[in-house]
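Novice: Structure file entry29.tsv (TSV, C-alpha atoms) is given on the next line.
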```
chain	number	residue	atom	x	y	z
A	1	MET	CA	122.53	-62.20	185.14
A	2	PRO	CA	120.94	-65.03	187.20
A	3	TYR	CA	117.18	-65.43	187.18
A	4	PRO	CA	115.28	-65.39	190.48
A	5	LEU	CA	114.34	-68.82	191.79
A	6	PHE	CA	110.68	-67.84	192.22
A	7	PRO	CA	109.96	-65.15	189.65
A	8	SER	CA	106.83	-63.07	189.85
A	9	SER	CA	105.44	-63.55	186.39
A	10	PRO	CA	102.20	-63.49	184.37
A	11	ALA	CA	101.76	-67.26	184.38
A	12	SER	CA	102.40	-67.56	188.10
A	13	ALA	CA	99.70	-64.97	188.72
A	14	MET	CA	97.09	-65.96	186.12
A	15	ALA	CA	94.10	-63.75	185.56
A	16	GLY	CA	91.55	-64.04	188.32
A	17	ARG	CA	94.06	-64.82	191.07
A	18	ASN	CA	94.56	-62.44	193.95
A	19	ASP	CA	98.08	-61.09	194.45
A	20	LYS	CA	98.16	-61.87	198.17
A	21	LYS	CA	101.33	-61.88	200.21
A	22	GLU	CA	101.15	-65.65	200.69
A	23	ASP	CA	100.87	-66.17	196.90
A	24	LYS	CA	104.26	-64.60	196.22
A	25	GLY	CA	106.72	-67.15	194.89
A	26	VAL	CA	104.06	-69.80	194.27
A	27	ASN	CA	104.81	-71.27	190.88
A	28	VAL	CA	102.64	-74.38	190.88
A	29	GLN	CA	99.10	-74.12	189.61
A	30	VAL	CA	96.62	-76.90	189.01
A	31	LEU	CA	94.33	-76.56	186.02
A	32	LEU	CA	91.72	-79.14	185.20
A	33	ARG	CA	90.02	-79.90	181.92
A	34	CYS	CA	86.83	-81.96	182.02
A	35	ARG	CA	86.44	-83.68	178.70
A	36	PRO	CA	83.07	-84.24	177.03
A	37	PHE	CA	81.67	-87.75	176.63
A	38	ASN	CA	83.10	-89.67	173.70
A	39	GLU	CA	80.85	-91.39	171.15
A	40	GLU	CA	80.84	-94.71	172.99
A	41	GLU	CA	79.92	-93.09	176.30
A	42	MET	CA	77.05	-91.25	174.60
A	43	ARG	CA	75.90	-94.42	172.83
A	44	LEU	CA	75.89	-96.33	176.13
A	45	LYS	CA	74.14	-93.41	177.86
A	46	SER	CA	76.83	-93.42	180.53
A	47	LEU	CA	76.06	-91.66	183.79
A	48	GLN	CA	77.77	-88.29	184.15
A	49	VAL	CA	79.54	-88.25	187.52
A	50	VAL	CA	81.63	-85.10	187.12
A	51	SER	CA	80.28	-81.56	186.85
A	52	CYS	CA	82.36	-78.45	186.30
A	53	ASN	CA	81.77	-74.91	187.49
A	54	GLU	CA	84.27	-72.81	185.57
A	55	HIS	CA	83.35	-69.55	187.30
A	56	ARG	CA	83.82	-70.96	190.81
A	57	ARG	CA	86.81	-73.04	189.63
A	58	GLU	CA	85.19	-76.16	191.10
A	59	VAL	CA	84.70	-79.73	190.01
A	60	THR	CA	82.12	-81.89	191.75
A	61	VAL	CA	82.23	-85.68	191.67
A	62	ASN	CA	78.75	-87.11	192.17
A	63	LEU	CA	78.71	-90.67	193.47
A	64	ASN	CA	75.93	-92.95	194.61
A	65	ILE	CA	77.35	-95.36	197.18
A	66	ALA	CA	74.99	-97.90	198.76
A	67	ASN	CA	71.98	-95.83	197.64
A	68	LYS	CA	73.41	-92.74	199.32
A	69	GLN	CA	74.35	-89.66	197.30
A	70	VAL	CA	77.94	-88.68	198.10
A	71	ASP	CA	79.21	-85.51	196.41
A	72	ARG	CA	82.78	-84.27	196.67
A	73	THR	CA	83.77	-80.82	195.45
A	74	PHE	CA	87.35	-79.82	194.61
A	75	THR	CA	88.68	-76.34	193.85
A	76	PHE	CA	91.43	-75.66	191.30
A	77	ASP	CA	93.32	-72.62	190.04
A	78	LYS	CA	91.40	-72.88	186.76
A	79	VAL	CA	88.70	-75.24	185.46
A	80	PHE	CA	87.88	-75.84	181.81
A	81	GLY	CA	84.51	-77.51	181.30
A	82	PRO	CA	83.55	-80.00	178.57
A	83	GLN	CA	82.49	-77.18	176.22
A	84	ALA	CA	85.89	-75.46	176.42
A	85	GLN	CA	87.54	-75.25	173.03
A	86	GLN	CA	91.12	-76.28	172.40
A	87	ARG	CA	92.08	-72.70	171.51
A	88	GLU	CA	90.61	-71.33	174.75
A	89	LEU	CA	92.67	-73.75	176.82
A	90	TYR	CA	95.81	-72.94	174.83
A	91	ASP	CA	95.35	-69.16	175.03
A	92	GLN	CA	94.59	-69.08	178.77
A	93	ALA	CA	96.84	-71.81	180.11
A	94	ILE	CA	99.71	-72.41	177.71
A	95	VAL	CA	100.51	-69.08	176.02
A	96	PRO	CA	101.51	-67.32	179.28
A	97	ILE	CA	103.91	-70.14	180.11
A	98	VAL	CA	105.40	-70.23	176.61
A	99	ASN	CA	105.94	-66.47	176.82
A	100	GLU	CA	107.82	-66.91	180.09
A	101	VAL	CA	110.06	-69.53	178.50
A	102	LEU	CA	110.84	-67.03	175.74
A	103	GLU	CA	111.72	-64.49	178.46
A	104	GLY	CA	114.26	-66.93	179.91
A	105	PHE	CA	112.30	-68.51	182.77
A	106	ASN	CA	112.29	-72.25	183.40
A	107	CYS	CA	108.75	-73.58	183.04
A	108	THR	CA	107.06	-76.98	182.95
A	109	ILE	CA	103.65	-78.07	181.76
A	110	PHE	CA	102.69	-81.44	183.22
A	111	ALA	CA	99.66	-83.27	181.85
A	112	TYR	CA	98.29	-86.00	184.09
A	113	GLY	CA	95.31	-88.26	183.65
A	114	GLN	CA	93.98	-91.67	182.73
A	115	THR	CA	95.17	-93.30	179.52
A	116	GLY	CA	93.07	-92.29	176.53
A	117	THR	CA	91.55	-89.14	178.05
A	118	GLY	CA	93.13	-86.62	175.68
A	119	LYS	CA	96.37	-85.43	177.27
A	120	THR	CA	98.40	-85.72	174.09
A	121	PHE	CA	95.59	-84.19	172.05
A	122	THR	CA	95.38	-81.28	174.48
A	123	MET	CA	99.12	-80.68	174.47
```
I'd like the structure from this file rewritten - as structure tokens, please.
Specialist:
Amino acid sequence: MPYPLFPSSPASAMAGRNDKKEDKGVNVQVLLRCRPFNEEEMRLKSLQVVSCNEHRREVTVNLNIANKQVDRTFTFDKVFGPQAQQRELYDQAIVPIVNEVLEGFNCTIFAYGQTGTGKTFTM
């Protein structure tokens, strides 16, 4: 029996998403994990330029350009802040997709980011 091209499934309708007509068949979701400062960044007292609002699913980039504060806010399907634990990310973002694979659906998890920011560790 062939599988539908755009299955309606738990991972494609993660918790907190509305099941609107226009969401049907949408299989791509963008999740973002903001990592905490590493030891060197803390030692150097680096300026924090990214803030996460997990409840609003927003990430704000705070920049100071030519002595002018320029903030840009981006909304994602899910945001994991710096305090998010590895297990929380796995349970909420990965387990539903793995379960779909076990049910016979084709799924992909794509990790993207700057070198050395924890993609392999997260996966």
Novice: Provide the CA of Thr120 in chain A to CA of Arg72 in chain A distance in Å, to one decimal place.
Specialist: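 A separation of 27.5 Å between them.
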Novice: Within 9 Å of (76.5, -89.8, 192.2), only C-alpha atoms: residues as an MDAnalysis selection string?
Specialist: chainID A and resid 47:50 61:65 68:71
Novice: Which polymer residues have any atom within 10 Å of an atom of Asn53 in chain A, counting all atoms listed in the file, with same-chain residues fewer than 3 positions away left out, as a list in words?
Specialist: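 Contacts, with the query itself left out: Arg56, Arg57, Glu58, Val59, Thr60, Thr75, Lys78, Val79, Phe80 and Gly81 of chain A.
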Novice: Quick one, how far is CA of Asn106 in chain A from CA of Asn27 in chain A?
Specialist: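 A separation of 10.6 Å between them.
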Novice: To box range 88-100 of chain A, take all atoms listed in the file, fit an axis-aligned box, add 5 Å on each side, and give centre and edge lengths in Å to one decimal, as AutoDock Vina command-line options.
Specialist:
```
--center_x 99.2 --center_y -70.1 --center_z 177.4 --size_x 27.2 --size_y 17.3 --size_z 15.4
```
Novice: For each of A:Ile94, A:Glu40, A:Phe121, A:Gln85, take the minimum atom-to-atom distance to Ile109 in chain A, counting only C-alpha atoms, then give the residue where this is smallest.
Specialist: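 Checking each of A:Ile94, A:Glu40, A:Phe121, A:Gln85 against Ile109 in chain A, counting only C-alpha atoms, the winner is A:Ile94.
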Novice: In Å, how far is it from CA of Arg87 in chain A to CA of Thr122 in chain A?
Specialist: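 Between CA of Arg87 in chain A and CA of Thr122 in chain A the gap works out to 9.7 Å.
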Novice: Pick from A:Thr108, A:Thr115, A:Asn99, A:Ser51: nearest to Leu32 in chain A, with only C-alpha atoms counted?
Specialist: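 The closest residue to Leu32 in chain A is A:Ser51.
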Novice: I'd like to know which of A:Met42, A:Leu89, A:Ala111, A:Leu31 is closest to Phe76 in chain A, using all atoms listed in the file.
Specialist: A:Leu31
Novice: Could you list, as a list in words, every residue within 10 Å of Cys107 in chain A, counting only C-alpha atoms and ignoring same-chain residues fewer than 5 positions away?
Specialist: Ala11, Asn27, Val28, Ile97, Val98, Asn99, Glu100 and Val101 of chain A
Novice: Okay, now the selection with C-alpha atoms, as a CSV table (one decimal), keeping the file's coordinate frame?
Specialist:
```csv
chain,number,residue,atom,x,y,z
A,11,ALA,CA,101.8,-67.3,184.4
A,27,ASN,CA,104.8,-71.3,190.9
A,28,VAL,CA,102.6,-74.4,190.9
A,97,ILE,CA,103.9,-70.1,180.1
A,98,VAL,CA,105.4,-70.2,176.6
A,99,ASN,CA,105.9,-66.5,176.8
A,100,GLU,CA,107.8,-66.9,180.1
A,101,VAL,CA,110.1,-69.5,178.5
```
Novice: Given the choices A:Phe105, A:Val95, A:Tyr90, A:Gln29, which gets closest to Met123 in chain A if the distance is worked out from only C-alpha atoms?
Specialist: A:Tyr90
